[in-house]
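Down below is the structure, laid out as C-alpha cells.
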Amino acid sequence: MLTIDEIFDDVIEKYKQRTAKKCYKAVKVKNKKPGLKDNKVGGVPYIPKGCAIPKDSNGEYMALLLQLNLKDIDLEGYPKEGMLEIFSSTTIDIEMESKTVIFPTGLEPELDLPEINTEEFFVIEPFKITLEEDVVHMPMIDYRCDTILNEILAEYDLSVDSVYDLDDNYDKLYNALNLPLITIGGYADFTQYDFRDENSNLDECIVKMESYDGDMDIGDSGVLCVTCSEDSIQHGSFEGATLYWDCC
C-alpha cells in the first residue's frame with residue numbers, strides 16, 4: 001500500500017480541483033483616497049437621499065466595512081446591480097452587530113451624514129479597491145475540509161482523523177492553496193475554528209478580510225468574514241448575513 005507521503009502531491013491537486021471557487025480579490029489602489037461611490041474598504045458610505053446609515057441595537061450608527069458596486073462583479077447567484085454595503089458596530093467586540101444592504105445606484109446621495117467615531121474600528125485608514133477575478137481554494141480550517149480530504153484519500157485506501165494529522169503534509173497543502181487577504185464571494189476563513197457545521201446555512205462568504213497593508217487591523221493576525229445562505233443572495237436580500245471575526 002502507498003503511503004500518504006507518496007501520493008500527497010496528487011492529493012493536493014485533487015483537493016485544489018475539488019474546492020476551486022471563482023471569486024474576486026480586492027486590491028488596494030495606492031495613493032488615491034476613495035470617492036463617495038468607489039469600491040472601497042471603510043470611509044464615507046454612499047447613502048441615497050431618503051435613506052440612512054444603519055444603526056445597531058443600541059441606536060448607534062454603524063461604520064462602513066465594505067462598499068461594492070455589484071456591476072463590477074459577475075458571481076453566480078449574486079445580484080447584477082446596486083451598491084452592496086456592509087456596516088458593523090464601531091466598537092470591536094466578539095459579538096459585533098452588522099448589517100448588509102443594497103442601495104440603488106445613480107441616485108442623488110445624502111451629503112449631510114452623521115460623523116461616526118471609528119477610533120476603535122477595524123479600518124484604520126479607508127482605501128479604494130479594484131476587483132480582480134480570481135480562483136481560491138477551501139481553507140483547511142473549513143468544517144468541510146476533513147470530509148473532502150478523506151474522500152480523496154479513500155481513492156488510495158487511506159484516511160486521517162483530521163487534516164491536522166497530516167504532519168509535514170499539512171504545511172505542504174496549506175502553501176499550495178490560493179488564499180488572498182480580501183475576497184468577495186470566496187471562502188470564509190478563521191484563526192481559531194469554524195463556527196459553522198453541517199447544519200449551518202452560512203456557507204456563502206460575501207467577504208473575507210484579513211489585516212491589510214497597515215490600513216486594516218483585525219486583532220492579532222485575525223480574520224473577519226461576513227457569511228450568509230445561498231438562498232438569501234439569490235433573492236437579493238442578503239438576509240441573515242452574519243459577521244464573525246477571530247484572532248490568534
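Here, A, B, ... name the chains of the C-alpha cells in the order displayed, residue numbers run from 1 inside each chain, and ligands are numbered from 1 in the same displayed order.
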
Worksheet item: Mind checking DSSP for segment 1-247 of chain A and telling me the alpha helix (DSSP H) residues as a PyMOL selection string?
Response: chain A and resi 4-19+145-153+168-176+230-234

Practice prompt. From a DSSP calculation on the backbone, collect every residue of segment 7-109 of chain A in strand (DSSP E or B) and output the set as a count of residues only.
Written response: 33

Within 7 Å of Glu110 of chain A using only C-alpha atoms, minus same-chain residues under 3 positions, as a compact mmCIF listing (two decimals) with N, CA and C atoms, in the first residue's frame:
```txt
# COMPACT_ATOMS: atom_id res chain seq x y z
N ILE A 47 -25.02 56.94 0.50
CA ILE A 47 -26.37 56.77 1.03
C ILE A 47 -27.31 57.64 0.20
N PRO A 48 -28.25 57.04 -0.55
CA PRO A 48 -29.18 57.86 -1.34
C PRO A 48 -30.05 58.73 -0.43
N LYS A 49 -30.45 59.88 -0.96
CA LYS A 49 -31.35 60.76 -0.20
C LYS A 49 -32.61 60.00 0.19
N LEU A 113 -24.34 63.59 6.36
CA LEU A 113 -24.28 62.33 7.11
C LEU A 113 -23.67 62.57 8.49
```

Worksheet item: Near segment 193-206 of chain A, counting only C-alpha atoms, which residues have an atom at most 6 Å away, once you skip same-chain residues fewer than 3 positions from it, shown as a list of chain:residue names?
Response: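 Selected residues are A:Asp142, A:Ile184, A:Gly185, A:Gly186, A:Tyr187, A:Ala188, A:Phe190, A:Val226, A:Thr227, A:Cys228, A:Ser229, A:Glu230.
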
May I have the selected residues written with C-alpha atoms, as an mmCIF file, in the first residue's frame?
```cif
data_model
loop_
_atom_site.group_PDB
_atom_site.id
_atom_site.type_symbol
_atom_site.label_atom_id
_atom_site.label_comp_id
_atom_site.auth_asym_id
_atom_site.auth_seq_id
_atom_site.Cartn_x
_atom_site.Cartn_y
_atom_site.Cartn_z
ATOM 1 C CA ASP A 142 -13.302 24.910 6.913
ATOM 2 C CA ILE A 184 -15.572 38.711 -2.446
ATOM 3 C CA GLY A 185 -17.579 35.525 -2.904
ATOM 4 C CA GLY A 186 -14.789 33.172 -1.877
ATOM 5 C CA TYR A 187 -14.486 31.071 1.281
ATOM 6 C CA ALA A 188 -14.728 32.069 4.920
ATOM 7 C CA PHE A 190 -10.775 31.574 10.649
ATOM 8 C CA VAL A 226 -19.490 38.010 6.545
ATOM 9 C CA THR A 227 -21.414 34.877 5.590
ATOM 10 C CA CYS A 228 -24.995 34.102 4.620
ATOM 11 C CA SER A 229 -27.061 31.469 2.858
ATOM 12 C CA GLU A 230 -27.004 30.992 -0.909
#
```

Discussion item. Show me, as a PyMOL selection string, the residues that have an atom within 10 Å of Ile94 of chain A when counting only C-alpha atoms, minus same-chain residues fewer than 4 positions from it.
Written reply: chain A and resi 243-246

Practice prompt. Kindly indicate which residue among A:Ser159, A:Cys248, A:Glu97, A:Thr105 lies nearest to Asn58 of chain A, using only C-alpha atoms for the distances.
Written response: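 Closest to Asn58 of chain A of all the choices is A:Glu97.
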
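Among the candidates A:Ile218, A:Leu2, A:Val27, A:Leu111, the one nearest to Val44 of chain A when counting only C-alpha atoms is A:Leu111.
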
Discussion item. From the options A:Val123, A:Asp5, A:Val136, A:Met62, which residue's atoms come nearest to Leu224 of chain A, counting only C-alpha atoms?
Written reply: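 Closest residue, counting only C-alpha atoms: A:Val123.
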
Discussion item. Applying 7 Å and only C-alpha atoms, which residues near segment 39-42 of chain A remain after dropping the ones on its own chain fewer than 2 positions away? List them as number ranges by chain.
Written reply: A: 34, 37, 44, 64-69, 123, 126-130

Selection: 10 Å around Pro79 of chain A, only C-alpha atoms, excl. self and same-chain fewer than 6 positions, as a compact mmCIF listing (two decimals) with N, CA, C and O atoms, in the first residue's frame:
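Contents of part20.txt, freshly written:
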```txt
# COMPACT_ATOMS: atom_id res chain seq x y z
N LEU A 70 -22.16 46.27 -7.52
CA LEU A 70 -22.35 44.90 -7.99
C LEU A 70 -22.18 44.75 -9.49
O LEU A 70 -21.99 43.64 -9.99
N LYS A 71 -22.22 45.85 -10.23
CA LYS A 71 -22.00 45.75 -11.68
C LYS A 71 -20.54 45.38 -11.99
O LYS A 71 -20.24 44.96 -13.12
N ILE A 73 -18.84 42.98 -10.55
CA ILE A 73 -18.55 41.57 -10.32
C ILE A 73 -19.54 40.70 -11.09
O ILE A 73 -20.63 41.14 -11.45
N ILE A 102 -28.35 46.76 0.14
CA ILE A 102 -28.12 47.14 -1.25
C ILE A 102 -28.92 48.40 -1.53
O ILE A 102 -30.14 48.42 -1.33
N ILE A 233 -28.76 35.31 -0.95
CA ILE A 233 -28.06 36.04 -2.01
C ILE A 233 -28.88 36.00 -3.30
O ILE A 233 -29.08 37.02 -3.97
N GLN A 234 -29.38 34.84 -3.64
CA GLN A 234 -30.14 34.69 -4.88
C GLN A 234 -31.44 35.51 -4.85
O GLN A 234 -31.93 35.93 -5.90
N HIS A 235 -31.97 35.74 -3.66
CA HIS A 235 -33.15 36.59 -3.54
C HIS A 235 -32.78 38.07 -3.45
O HIS A 235 -33.66 38.94 -3.38
N GLY A 236 -31.48 38.36 -3.44
CA GLY A 236 -31.02 39.74 -3.44
C GLY A 236 -31.22 40.47 -2.14
O GLY A 236 -31.08 41.70 -2.07
N SER A 237 -31.50 39.73 -1.07
CA SER A 237 -31.80 40.38 0.21
C SER A 237 -30.62 40.36 1.17
O SER A 237 -30.49 41.22 2.03
```
